[in-house]
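Pasted below: final_10.pdb, PDB, C-alpha atoms, pLDDT in the B column.
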MODEL        1
ATOM      1  CA  MET J   1     103.138 117.824  71.470  1.00 87.00           C
ATOM      2  CA  GLN J   2     105.040 120.691  69.835  1.00 85.00           C
ATOM      3  CA  PRO J   3     102.955 123.490  71.437  1.00 85.00           C
ATOM      4  CA  LEU J   4     103.670 121.947  74.850  1.00 81.00           C
ATOM      5  CA  ILE J   5     107.387 121.796  74.106  1.00 85.00           C
ATOM      6  CA  ASP J   6     107.387 125.402  72.883  1.00 83.00           C
ATOM      7  CA  ASN J   7     105.698 126.594  76.070  1.00 79.00           C
ATOM      8  CA  ALA J   8     108.087 124.587  78.262  1.00 79.00           C
ATOM      9  CA  ARG J   9     111.047 126.251  76.516  1.00 78.00           C
ATOM     10  CA  THR J  10     109.787 129.757  77.287  1.00 80.00           C
ATOM     11  CA  PHE J  11     108.396 128.890  80.707  1.00 78.00           C
ATOM     12  CA  GLY J  12     111.848 128.647  82.297  1.00 72.00           C
ATOM     13  CA  GLN J  13     112.915 132.025  80.926  1.00 76.00           C
ATOM     14  CA  ARG J  14     111.310 133.888  83.854  1.00 74.00           C
ATOM     15  CA  PRO J  15     113.407 132.639  86.815  1.00 78.00           C
ATOM     16  CA  GLU J  16     112.632 135.692  88.953  1.00 79.00           C
ATOM     17  CA  GLU J  17     108.985 134.590  89.099  1.00 76.00           C
ATOM     18  CA  PHE J  18     109.955 131.214  90.540  1.00 81.00           C
ATOM     19  CA  ALA J  19     112.959 131.950  92.783  1.00 85.00           C
ATOM     20  CA  LYS J  20     110.879 131.960  96.002  1.00 85.00           C
ATOM     21  CA  LEU J  21     109.568 128.478  95.224  1.00 87.00           C
ATOM     22  CA  ALA J  22     113.056 127.084  95.874  1.00 88.00           C
ATOM     23  CA  GLU J  23     112.664 128.088  99.532  1.00 88.00           C
ATOM     24  CA  GLY J  24     109.991 125.451 100.083  1.00 89.00           C
ATOM     25  CA  GLN J  25     106.264 124.964  99.871  1.00 92.00           C
ATOM     26  CA  SER J  26     103.447 125.766 102.266  1.00 91.00           C
ATOM     27  CA  PRO J  27     100.179 124.935 100.515  1.00 96.00           C
ATOM     28  CA  GLN J  28      97.038 125.369 102.580  1.00 95.00           C
ATOM     29  CA  VAL J  29      94.954 122.864 100.610  1.00 98.00           C
ATOM     30  CA  LEU J  30      95.304 119.267  99.481  1.00 98.00           C
ATOM     31  CA  PHE J  31      93.229 119.021  96.292  1.00 98.00           C
ATOM     32  CA  ILE J  32      92.216 115.453  95.428  1.00 98.00           C
ATOM     33  CA  THR J  33      90.726 115.105  91.982  1.00 98.00           C
ATOM     34  CA  CYS J  34      90.527 112.933  88.911  1.00 97.00           C
ATOM     35  CA  SER J  35      93.353 112.423  86.445  1.00 97.00           C
ATOM     36  CA  ASP J  36      91.011 113.611  83.673  1.00 97.00           C
ATOM     37  CA  SER J  37      92.798 116.140  81.441  1.00 97.00           C
ATOM     38  CA  ARG J  38      89.767 118.458  81.501  1.00 97.00           C
ATOM     39  CA  VAL J  39      90.111 119.007  85.245  1.00 97.00           C
ATOM     40  CA  VAL J  40      92.864 121.519  86.021  1.00 97.00           C
ATOM     41  CA  PRO J  41      92.939 122.367  89.748  1.00 97.00           C
ATOM     42  CA  ALA J  42      95.027 125.538  89.412  1.00 95.00           C
ATOM     43  CA  LEU J  43      92.760 126.809  86.653  1.00 95.00           C
ATOM     44  CA  ILE J  44      89.595 126.030  88.642  1.00 96.00           C
ATOM     45  CA  THR J  45      90.875 127.646  91.843  1.00 96.00           C
ATOM     46  CA  GLY J  46      93.165 130.324  90.429  1.00 94.00           C
ATOM     47  CA  ALA J  47      96.023 128.911  92.531  1.00 94.00           C
ATOM     48  CA  ARG J  48      99.603 129.875  91.791  1.00 90.00           C
ATOM     49  CA  PRO J  49     102.565 127.486  92.058  1.00 90.00           C
ATOM     50  CA  GLY J  50     103.016 126.414  95.677  1.00 92.00           C
ATOM     51  CA  GLU J  51      99.417 127.108  96.751  1.00 94.00           C
ATOM     52  CA  LEU J  52      97.867 123.659  96.122  1.00 96.00           C
ATOM     53  CA  PHE J  53      99.162 120.213  96.946  1.00 98.00           C
ATOM     54  CA  GLU J  54      97.549 117.904  94.395  1.00 98.00           C
ATOM     55  CA  LEU J  55      96.621 114.247  94.366  1.00 98.00           C
ATOM     56  CA  ARG J  56      95.204 113.046  91.075  1.00 98.00           C
ATOM     57  CA  THR J  57      93.868 109.542  90.637  1.00 96.00           C
ATOM     58  CA  ALA J  58      91.575 107.869  88.131  1.00 96.00           C
ATOM     59  CA  GLY J  59      88.107 108.702  89.392  1.00 95.00           C
ATOM     60  CA  ASN J  60      89.493 110.773  92.315  1.00 96.00           C
ATOM     61  CA  ILE J  61      89.511 107.557  94.338  1.00 96.00           C
ATOM     62  CA  VAL J  62      90.925 107.558  97.850  1.00 96.00           C
ATOM     63  CA  PRO J  63      91.872 103.920  98.477  1.00 95.00           C
ATOM     64  CA  PRO J  64      91.122 102.339 101.861  1.00 94.00           C
ATOM     65  CA  TYR J  65      93.804 103.057 104.431  1.00 95.00           C
ATOM     66  CA  THR J  66      95.997 100.153 105.453  1.00 91.00           C
ATOM     67  CA  SER J  67      99.312 100.413 107.268  1.00 88.00           C
ATOM     68  CA  GLN J  68     100.377  96.962 106.005  1.00 92.00           C
ATOM     69  CA  HIS J  69     100.286  98.002 102.330  1.00 90.00           C
ATOM     70  CA  PRO J  70     100.997 101.723 102.002  1.00 89.00           C
ATOM     71  CA  THR J  71     100.000 103.399  98.763  1.00 94.00           C
ATOM     72  CA  GLY J  72     101.237 106.501  96.983  1.00 96.00           C
ATOM     73  CA  GLU J  73      97.852 108.075  97.696  1.00 97.00           C
ATOM     74  CA  ALA J  74      98.146 107.402 101.437  1.00 97.00           C
ATOM     75  CA  ALA J  75     101.698 108.782 101.456  1.00 97.00           C
ATOM     76  CA  THR J  76     100.555 111.952  99.677  1.00 98.00           C
ATOM     77  CA  ILE J  77      97.669 112.488 102.101  1.00 98.00           C
ATOM     78  CA  GLU J  78      99.836 111.835 105.156  1.00 98.00           C
ATOM     79  CA  TYR J  79     102.605 114.131 103.911  1.00 98.00           C
ATOM     80  CA  ALA J  80     100.139 116.924 103.153  1.00 98.00           C
ATOM     81  CA  VAL J  81      98.505 116.742 106.572  1.00 98.00           C
ATOM     82  CA  GLU J  82     101.435 115.907 108.860  1.00 97.00           C
ATOM     83  CA  VAL J  83     104.421 117.548 107.160  1.00 97.00           C
ATOM     84  CA  LEU J  84     102.969 120.399 105.128  1.00 97.00           C
ATOM     85  CA  GLY J  85     100.181 121.124 107.590  1.00 97.00           C
ATOM     86  CA  VAL J  86      97.429 121.723 105.057  1.00 98.00           C
ATOM     87  CA  ARG J  87      94.326 123.205 106.672  1.00 97.00           C
ATOM     88  CA  ASP J  88      91.795 121.827 104.197  1.00 98.00           C
ATOM     89  CA  ILE J  89      91.290 118.844 101.917  1.00 98.00           C
ATOM     90  CA  VAL J  90      89.031 119.135  98.876  1.00 98.00           C
ATOM     91  CA  VAL J  91      87.800 116.044  97.045  1.00 98.00           C
ATOM     92  CA  CYS J  92      86.635 117.290  93.662  1.00 98.00           C
ATOM     93  CA  GLY J  93      84.685 115.087  91.286  1.00 97.00           C
ATOM     94  CA  HIS J  94      83.609 116.197  87.822  1.00 97.00           C
ATOM     95  CA  SER J  95      80.866 115.789  85.273  1.00 97.00           C
ATOM     96  CA  HIS J  96      81.348 113.385  82.388  1.00 96.00           C
ATOM     97  CA  CYS J  97      83.733 111.267  84.495  1.00 96.00           C
ATOM     98  CA  GLY J  98      84.701 108.128  82.590  1.00 95.00           C
ATOM     99  CA  ALA J  99      85.621 106.189  85.736  1.00 95.00           C
ATOM    100  CA  VAL J 100      82.410 106.910  87.609  1.00 94.00           C
ATOM    101  CA  GLY J 101      80.383 106.501  84.416  1.00 94.00           C
ATOM    102  CA  ALA J 102      81.849 103.015  83.955  1.00 94.00           C
ATOM    103  CA  LEU J 103      80.868 102.134  87.508  1.00 93.00           C
ATOM    104  CA  VAL J 104      77.350 103.547  87.218  1.00 92.00           C
ATOM    105  CA  ARG J 105      76.774 101.731  83.920  1.00 92.00           C
ATOM    106  CA  GLY J 106      78.408  98.522  85.135  1.00 92.00           C
ATOM    107  CA  ASP J 107      80.776  98.462  82.135  1.00 94.00           C
ATOM    108  CA  ASP J 108      82.762  95.310  81.419  1.00 96.00           C
ATOM    109  CA  LEU J 109      86.367  96.299  82.157  1.00 96.00           C
ATOM    110  CA  THR J 110      88.056  92.931  81.631  1.00 97.00           C
ATOM    111  CA  ALA J 111      90.127  94.387  78.761  1.00 97.00           C
ATOM    112  CA  VAL J 112      91.653  96.910  81.188  1.00 97.00           C
ATOM    113  CA  PRO J 113      92.345  94.873  84.348  1.00 97.00           C
ATOM    114  CA  ALA J 114      94.382  97.554  86.128  1.00 97.00           C
ATOM    115  CA  VAL J 115      91.540 100.036  85.632  1.00 96.00           C
ATOM    116  CA  ARG J 116      88.976  97.440  86.750  1.00 95.00           C
ATOM    117  CA  ASP J 117      90.939  96.607  89.898  1.00 95.00           C
ATOM    118  CA  TRP J 118      91.577 100.275  90.721  1.00 95.00           C
ATOM    119  CA  LEU J 119      87.887 101.135  90.347  1.00 94.00           C
ATOM    120  CA  ALA J 120      87.054  98.334  92.783  1.00 92.00           C
ATOM    121  CA  HIS J 121      88.303 100.775  95.460  1.00 90.00           C
ATOM    122  CA  ALA J 122      85.324 103.004  94.673  1.00 86.00           C
ATOM    123  CA  THR J 123      82.852 100.750  96.433  1.00 75.00           C
ATOM    124  CA  PRO J 124      80.021 101.006  97.000  1.00 79.00           C
ATOM    125  CA  ARG J 125      78.995 101.369  93.378  1.00 80.00           C
ATOM    126  CA  PRO J 126      77.846 104.972  92.842  1.00 81.00           C
ATOM    127  CA  ALA J 127      74.127 105.440  92.243  1.00 77.00           C
ATOM    128  CA  GLY J 128      72.908 107.305  89.212  1.00 76.00           C
ATOM    129  CA  ALA J 129      71.170 107.083  85.876  1.00 74.00           C
ATOM    130  CA  ALA J 130      73.181 105.020  83.399  1.00 72.00           C
ATOM    131  CA  GLU J 131      71.928 107.152  80.506  1.00 79.00           C
ATOM    132  CA  ASP J 132      73.073 110.469  82.052  1.00 83.00           C
ATOM    133  CA  PRO J 133      76.291 111.507  80.225  1.00 85.00           C
ATOM    134  CA  GLU J 134      77.147 113.942  83.024  1.00 89.00           C
ATOM    135  CA  VAL J 135      76.795 111.186  85.674  1.00 93.00           C
ATOM    136  CA  ALA J 136      76.156 114.031  88.113  1.00 94.00           C
ATOM    137  CA  GLU J 137      74.338 112.002  90.752  1.00 94.00           C
ATOM    138  CA  GLY J 138      76.879 109.200  90.574  1.00 94.00           C
ATOM    139  CA  VAL J 139      79.862 111.542  90.802  1.00 96.00           C
ATOM    140  CA  GLN J 140      78.417 113.499  93.718  1.00 96.00           C
ATOM    141  CA  SER J 141      77.628 110.308  95.617  1.00 94.00           C
ATOM    142  CA  HIS J 142      81.117 109.000  94.822  1.00 95.00           C
ATOM    143  CA  VAL J 143      82.804 112.196  96.077  1.00 97.00           C
ATOM    144  CA  LEU J 144      80.995 111.909  99.405  1.00 96.00           C
ATOM    145  CA  THR J 145      82.112 108.264  99.703  1.00 95.00           C
ATOM    146  CA  GLN J 146      85.727 109.312  99.138  1.00 96.00           C
ATOM    147  CA  LEU J 147      85.379 112.038 101.771  1.00 96.00           C
ATOM    148  CA  LEU J 148      84.126 109.436 104.253  1.00 96.00           C
ATOM    149  CA  ARG J 149      87.036 107.187 103.345  1.00 96.00           C
ATOM    150  CA  LEU J 150      89.470 110.030 104.078  1.00 97.00           C
ATOM    151  CA  ARG J 151      88.129 110.163 107.628  1.00 97.00           C
ATOM    152  CA  SER J 152      89.559 106.659 108.219  1.00 95.00           C
ATOM    153  CA  TYR J 153      93.127 107.854 107.603  1.00 97.00           C
ATOM    154  CA  PRO J 154      94.785 108.290 111.017  1.00 97.00           C
ATOM    155  CA  CYS J 155      96.342 111.661 110.125  1.00 98.00           C
ATOM    156  CA  VAL J 156      93.002 112.998 108.880  1.00 98.00           C
ATOM    157  CA  GLU J 157      91.158 111.619 111.892  1.00 98.00           C
ATOM    158  CA  ARG J 158      93.651 113.396 114.208  1.00 97.00           C
ATOM    159  CA  GLY J 159      93.480 116.642 112.235  1.00 97.00           C
ATOM    160  CA  LEU J 160      89.685 116.667 112.408  1.00 98.00           C
ATOM    161  CA  ALA J 161      89.644 115.814 116.135  1.00 97.00           C
ATOM    162  CA  GLN J 162      92.095 118.640 116.843  1.00 97.00           C
ATOM    163  CA  GLY J 163      90.105 121.112 114.758  1.00 97.00           C
ATOM    164  CA  ARG J 164      93.046 121.865 112.457  1.00 97.00           C
ATOM    165  CA  LEU J 165      91.644 120.272 109.319  1.00 98.00           C
ATOM    166  CA  GLY J 166      88.526 120.769 107.208  1.00 98.00           C
ATOM    167  CA  LEU J 167      87.091 118.449 104.563  1.00 98.00           C
ATOM    168  CA  HIS J 168      85.202 119.645 101.486  1.00 98.00           C
ATOM    169  CA  ALA J 169      83.337 117.874  98.669  1.00 98.00           C
ATOM    170  CA  TRP J 170      83.202 119.675  95.313  1.00 98.00           C
ATOM    171  CA  TYR J 171      81.627 118.888  91.963  1.00 98.00           C
ATOM    172  CA  TYR J 172      83.043 120.535  88.838  1.00 98.00           C
ATOM    173  CA  GLU J 173      81.040 120.755  85.611  1.00 97.00           C
ATOM    174  CA  VAL J 174      83.461 120.429  82.707  1.00 97.00           C
ATOM    175  CA  HIS J 175      80.845 121.684  80.236  1.00 96.00           C
ATOM    176  CA  THR J 176      80.089 124.943  82.114  1.00 96.00           C
ATOM    177  CA  GLY J 177      83.050 125.579  84.426  1.00 96.00           C
ATOM    178  CA  ALA J 178      80.680 125.789  87.409  1.00 97.00           C
ATOM    179  CA  VAL J 179      81.812 124.446  90.776  1.00 98.00           C
ATOM    180  CA  ARG J 180      79.384 123.218  93.401  1.00 97.00           C
ATOM    181  CA  ALA J 181      80.164 122.405  97.019  1.00 97.00           C
ATOM    182  CA  HIS J 182      78.368 119.921  99.224  1.00 98.00           C
ATOM    183  CA  ARG J 183      76.330 121.587 101.960  1.00 97.00           C
ATOM    184  CA  PRO J 184      75.892 119.087 104.804  1.00 94.00           C
ATOM    185  CA  HIS J 185      72.897 120.898 106.312  1.00 94.00           C
ATOM    186  CA  THR J 186      70.872 120.376 103.106  1.00 95.00           C
ATOM    187  CA  ASP J 187      72.818 117.366 101.758  1.00 95.00           C
ATOM    188  CA  THR J 188      72.971 119.061  98.358  1.00 96.00           C
ATOM    189  CA  PHE J 189      75.679 120.377  96.068  1.00 97.00           C
ATOM    190  CA  GLU J 190      75.228 124.121  95.651  1.00 96.00           C
ATOM    191  CA  ALA J 191      77.116 126.819  93.758  1.00 94.00           C
ATOM    192  CA  LEU J 192      80.150 128.167  95.600  1.00 91.00           C
TER
ENDMDL
END
Representation of the structure as structure tokens:
Amino acid sequence: MQPLIDNARTFGQRPEEFAKLAEGQSPQVLFITCSDSRVVPALITGARPGELFELRTAGNIVPPYTSQHPTGEAATIEYAVEVLGVRDIVVCGHSHCGAVGALVRGDDLTAVPAVRDWLAHATPRPAGAAEDPEVAEGVQSHVLTQLLRLRSYPCVERGLAQGRLGLHAWYYEVHTGAVRAHRPHTDTFEAL
């Protein structure tokens, strides 16, 4: 913890670098990814403060949209699209994902009921080889499912219909740093 505290102390000693951020934000991208500490959106994309609007959830899950029971995830997506006017949404899964791995393997999650119930939103169960530590196939399939789920959000549906919003599926390899994007015409994840 001490190195983090030391950095936080010196971080605020450069106010001139951050003064413009007080004027507001205008990110062009909503970046939805996993809460995993090895996935750092700004590091992956090279974004500076104010350039990405982030939504991080266990397993980069986008829960089903329901107006009767709003979620923090739905509020974040709606705010990004309707208020901030993001032009693109990226759903980025990653190799070695514990959440997707648990789903692929069919792990017993009764000891962690909140995790179990949250992962139930990932349905259908991602395909993939249970013995693959990268869970690449499962993660890529899961990312595409989350992208489809996003399409059911009214704000996303409107943005797509009006041609003001693009959706992207990415797969990040934590062990190499490589990023692959889904190419619909070949239905494969290829290097950016």
Original post:
So which residues touch Leu109 (chain J) within 12 Å, counting only C-alpha atoms, skipping near sequence neighbours fewer than 5 positions away, as a PyMOL selection string?
Top reply: chain J and resi 98-99+102-103+114-120
Original post:
What does the distance between CA of Pro41 (chain J) and CA of Gly106 (chain J) come to in Å, to one decimal place?
Top reply: 28.3 Å
The PyMOL selection byres ((chain J and resi 144-151) around 7) on the file shown: which residues, as a PDB file with C-alpha atoms, in the frame of the given file?
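Writing done, so here's part20.pdb:
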ATOM      1  CA  ILE J  61      89.511 107.557  94.338  1.00 96.00           C
ATOM      2  CA  VAL J  62      90.925 107.558  97.850  1.00 96.00           C
ATOM      3  CA  PRO J  64      91.122 102.339 101.861  1.00 94.00           C
ATOM      4  CA  VAL J  91      87.800 116.044  97.045  1.00 98.00           C
ATOM      5  CA  GLN J 140      78.417 113.499  93.718  1.00 96.00           C
ATOM      6  CA  SER J 141      77.628 110.308  95.617  1.00 94.00           C
ATOM      7  CA  HIS J 142      81.117 109.000  94.822  1.00 95.00           C
ATOM      8  CA  VAL J 143      82.804 112.196  96.077  1.00 97.00           C
ATOM      9  CA  SER J 152      89.559 106.659 108.219  1.00 95.00           C
ATOM     10  CA  TYR J 153      93.127 107.854 107.603  1.00 97.00           C
ATOM     11  CA  VAL J 156      93.002 112.998 108.880  1.00 98.00           C
ATOM     12  CA  GLU J 157      91.158 111.619 111.892  1.00 98.00           C
ATOM     13  CA  ALA J 169      83.337 117.874  98.669  1.00 98.00           C
TER      14      ALA J 169
END
**OP:** May I ask which of the residues J:Asp6, J:Cys155, J:His175, J:Leu30 is the closest one to Ser67 (chain J), counting only C-alpha atoms?
**Re:**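 The answer is J:Cys155, which sits nearest to Ser67 (chain J).
Omitting Pro133 (chain J) and its sequence neighbours fewer than 6 positions away, and counting all atoms listed in the file, the residues within 10 Å are Ser95, His96, Cys97, Gly98 and Gly101 of chain J.
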Please determine an axis-aligned box that encloses all atoms of region 47-64 of chain J listed in the file, with 5 Å added on each side, and express its centre and edge lengths in Å to one decimal as JSON.
{"center_x": 95.6, "center_y": 116.1, "center_z": 95.0, "size_x": 24.9, "size_y": 37.5, "size_z": 23.7}
Please identify every residue of region 27-128 of chain J that has at least one atom no farther than 10 Å from an atom of region 179-182 of chain J, counting all atoms listed in the file, and for each give the shortest atom pair and the distance in Å to one decimal, arranged by chain then increasing number, as a Markdown table.
| residue | atom | partner | partner_atom | distance |
| --- | --- | --- | --- | --- |
| J:Ile44 | CA | J:Val179 | CA | 8.2 |
| J:Thr45 | CA | J:Val179 | CA | 9.7 |
| J:Val90 | CA | J:Ala181 | CA | 9.6 |
| J:Val91 | CA | J:Ala181 | CA | 9.9 |
| J:Cys92 | CA | J:Ala181 | CA | 8.9 |
| J:Gly93 | CA | J:Val179 | CA | 9.8 |
| J:His94 | CA | J:Val179 | CA | 8.9 |
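CA of Gly50 (chain J) is found 5.5 Å from CA of Gln25 (chain J).
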**OP:** Figure out the distance between CA of Leu43 (chain J) and CA of Ala80 (chain J), please, to one decimal in Å.
**Re:**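 Separation of CA of Ala80 (chain J) and CA of Leu43 (chain J): 20.6 Å.
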**OP:** Find the residues around Val29 (chain J) up to 12 Å (only C-alpha atoms counted), leave out those fewer than 3 positions away in its own chain, and share them as a PyMOL selection string.
**Re:** chain J and resi 25-26+32+41-42+45+47+50-55+77+80-81+84-91+165-168
Selection to disk with C-alpha atoms, as a PDB file, in the coordinates of the input:
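Contents of out37.pdb, as written:
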ATOM      1  CA  GLN J  25     106.264 124.964  99.871  1.00 92.00           C
ATOM      2  CA  SER J  26     103.447 125.766 102.266  1.00 91.00           C
ATOM      3  CA  ILE J  32      92.216 115.453  95.428  1.00 98.00           C
ATOM      4  CA  PRO J  41      92.939 122.367  89.748  1.00 97.00           C
ATOM      5  CA  ALA J  42      95.027 125.538  89.412  1.00 95.00           C
ATOM      6  CA  THR J  45      90.875 127.646  91.843  1.00 96.00           C
ATOM      7  CA  ALA J  47      96.023 128.911  92.531  1.00 94.00           C
ATOM      8  CA  GLY J  50     103.016 126.414  95.677  1.00 92.00           C
ATOM      9  CA  GLU J  51      99.417 127.108  96.751  1.00 94.00           C
ATOM     10  CA  LEU J  52      97.867 123.659  96.122  1.00 96.00           C
ATOM     11  CA  PHE J  53      99.162 120.213  96.946  1.00 98.00           C
ATOM     12  CA  GLU J  54      97.549 117.904  94.395  1.00 98.00           C
ATOM     13  CA  LEU J  55      96.621 114.247  94.366  1.00 98.00           C
ATOM     14  CA  ILE J  77      97.669 112.488 102.101  1.00 98.00           C
ATOM     15  CA  ALA J  80     100.139 116.924 103.153  1.00 98.00           C
ATOM     16  CA  VAL J  81      98.505 116.742 106.572  1.00 98.00           C
ATOM     17  CA  LEU J  84     102.969 120.399 105.128  1.00 97.00           C
ATOM     18  CA  GLY J  85     100.181 121.124 107.590  1.00 97.00           C
ATOM     19  CA  VAL J  86      97.429 121.723 105.057  1.00 98.00           C
ATOM     20  CA  ARG J  87      94.326 123.205 106.672  1.00 97.00           C
ATOM     21  CA  ASP J  88      91.795 121.827 104.197  1.00 98.00           C
ATOM     22  CA  ILE J  89      91.290 118.844 101.917  1.00 98.00           C
ATOM     23  CA  VAL J  90      89.031 119.135  98.876  1.00 98.00           C
ATOM     24  CA  VAL J  91      87.800 116.044  97.045  1.00 98.00           C
ATOM     25  CA  LEU J 165      91.644 120.272 109.319  1.00 98.00           C
ATOM     26  CA  GLY J 166      88.526 120.769 107.208  1.00 98.00           C
ATOM     27  CA  LEU J 167      87.091 118.449 104.563  1.00 98.00           C
ATOM     28  CA  HIS J 168      85.202 119.645 101.486  1.00 98.00           C
TER      29      HIS J 168
END
**OP:** Could you give me, as a count of residues only, the residues within 8 Å of Ala74 (chain J), counting only C-alpha atoms and dropping anything in the same chain fewer than 4 positions from it?
**Re:** 5
**OP:** Starting from the shown file, work through the PyMOL selection byres ((chain J and resi 57) around 7) and note down what comes out as a list in words.
**Re:**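 Taken on the displayed file, the PyMOL selection byres ((chain J and resi 57) around 7) yields the residues Thr33, Cys34, Ser35, Leu55, Arg56, Ala58, Gly59, Asn60 and Ile61 of chain J.
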Generate the output file for the selected residues, C-alpha atoms, as an mmCIF file, in the coordinates of the input.
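Everything below was put into selection14.cif:
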data_model
loop_
_atom_site.group_PDB
_atom_site.id
_atom_site.type_symbol
_atom_site.label_atom_id
_atom_site.label_comp_id
_atom_site.auth_asym_id
_atom_site.auth_seq_id
_atom_site.Cartn_x
_atom_site.Cartn_y
_atom_site.Cartn_z
ATOM 1 C CA THR J 33 90.726 115.105 91.982
ATOM 2 C CA CYS J 34 90.527 112.933 88.911
ATOM 3 C CA SER J 35 93.353 112.423 86.445
ATOM 4 C CA LEU J 55 96.621 114.247 94.366
ATOM 5 C CA ARG J 56 95.204 113.046 91.075
ATOM 6 C CA ALA J 58 91.575 107.869 88.131
ATOM 7 C CA GLY J 59 88.107 108.702 89.392
ATOM 8 C CA ASN J 60 89.493 110.773 92.315
ATOM 9 C CA ILE J 61 89.511 107.557 94.338
#
Subject >> J:Leu192, J:Pro154, J:Gly128, J:Leu4 ranked by distance to Ala75 (chain J), top pick (using only C-alpha atoms) >> reply: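 Nearest to Ala75 (chain J): J:Pro154.
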When you get a chance, write out N, CA, C and O atoms for region 20-33 of chain J, as a JSON list (two decimals), in the coordinates of the input.
[["chain", "number", "residue", "atom", "x", "y", "z"],
["J", 20, "LYS", "N", 111.38, 132.21, 94.64],
["J", 20, "LYS", "CA", 110.88, 131.96, 96.00],
["J", 20, "LYS", "C", 110.41, 130.52, 96.20],
["J", 20, "LYS", "O", 110.42, 130.01, 97.31],
["J", 21, "LEU", "N", 110.04, 129.86, 95.11],
["J", 21, "LEU", "CA", 109.57, 128.48, 95.22],
["J", 21, "LEU", "C", 110.68, 127.54, 95.68],
["J", 21, "LEU", "O", 110.41, 126.50, 96.27],
["J", 22, "ALA", "N", 111.93, 127.91, 95.45],
["J", 22, "ALA", "CA", 113.06, 127.08, 95.87],
["J", 22, "ALA", "C", 113.20, 127.06, 97.39],
["J", 22, "ALA", "O", 113.84, 126.16, 97.95],
["J", 23, "GLU", "N", 112.57, 128.01, 98.07],
["J", 23, "GLU", "CA", 112.66, 128.09, 99.53],
["J", 23, "GLU", "C", 111.76, 127.07, 100.22],
["J", 23, "GLU", "O", 111.87, 126.86, 101.43],
["J", 24, "GLY", "N", 110.88, 126.45, 99.50],
["J", 24, "GLY", "CA", 109.99, 125.45, 100.08],
["J", 24, "GLY", "C", 108.55, 125.69, 99.68],
["J", 24, "GLY", "O", 108.24, 126.63, 98.95],
["J", 25, "GLN", "N", 107.68, 124.84, 100.18],
["J", 25, "GLN", "CA", 106.26, 124.96, 99.87],
["J", 25, "GLN", "C", 105.45, 125.01, 101.15],
["J", 25, "GLN", "O", 105.82, 124.42, 102.17],
["J", 26, "SER", "N", 104.35, 125.72, 101.11],
["J", 26, "SER", "CA", 103.45, 125.77, 102.27],
["J", 26, "SER", "C", 102.00, 125.89, 101.77],
["J", 26, "SER", "O", 101.31, 126.86, 102.07],
["J", 27, "PRO", "N", 101.56, 124.89, 101.00],
["J", 27, "PRO", "CA", 100.18, 124.94, 100.52],
["J", 27, "PRO", "C", 99.20, 124.81, 101.68],
["J", 27, "PRO", "O", 99.49, 124.15, 102.67],
["J", 28, "GLN", "N", 98.07, 125.44, 101.54],
["J", 28, "GLN", "CA", 97.04, 125.37, 102.58],
["J", 28, "GLN", "C", 96.01, 124.30, 102.28],
["J", 28, "GLN", "O", 95.23, 123.93, 103.15],
["J", 29, "VAL", "N", 95.99, 123.79, 101.04],
["J", 29, "VAL", "CA", 94.95, 122.86, 100.61],
["J", 29, "VAL", "C", 95.56, 121.66, 99.89],
["J", 29, "VAL", "O", 96.43, 121.81, 99.05],
["J", 30, "LEU", "N", 95.06, 120.47, 100.26],
["J", 30, "LEU", "CA", 95.30, 119.27, 99.48],
["J", 30, "LEU", "C", 94.09, 119.11, 98.58],
["J", 30, "LEU", "O", 92.95, 119.04, 99.06],
["J", 31, "PHE", "N", 94.30, 119.09, 97.28],
["J", 31, "PHE", "CA", 93.23, 119.02, 96.29],
["J", 31, "PHE", "C", 93.27, 117.65, 95.65],
["J", 31, "PHE", "O", 94.20, 117.34, 94.90],
["J", 32, "ILE", "N", 92.29, 116.81, 95.97],
["J", 32, "ILE", "CA", 92.22, 115.45, 95.43],
["J", 32, "ILE", "C", 91.19, 115.46, 94.31],
["J", 32, "ILE", "O", 90.02, 115.80, 94.53],
["J", 33, "THR", "N", 91.64, 115.10, 93.12],
["J", 33, "THR", "CA", 90.73, 115.10, 91.98],
["J", 33, "THR", "C", 91.11, 114.02, 91.00],
["J", 33, "THR", "O", 92.08, 113.29, 91.20]]
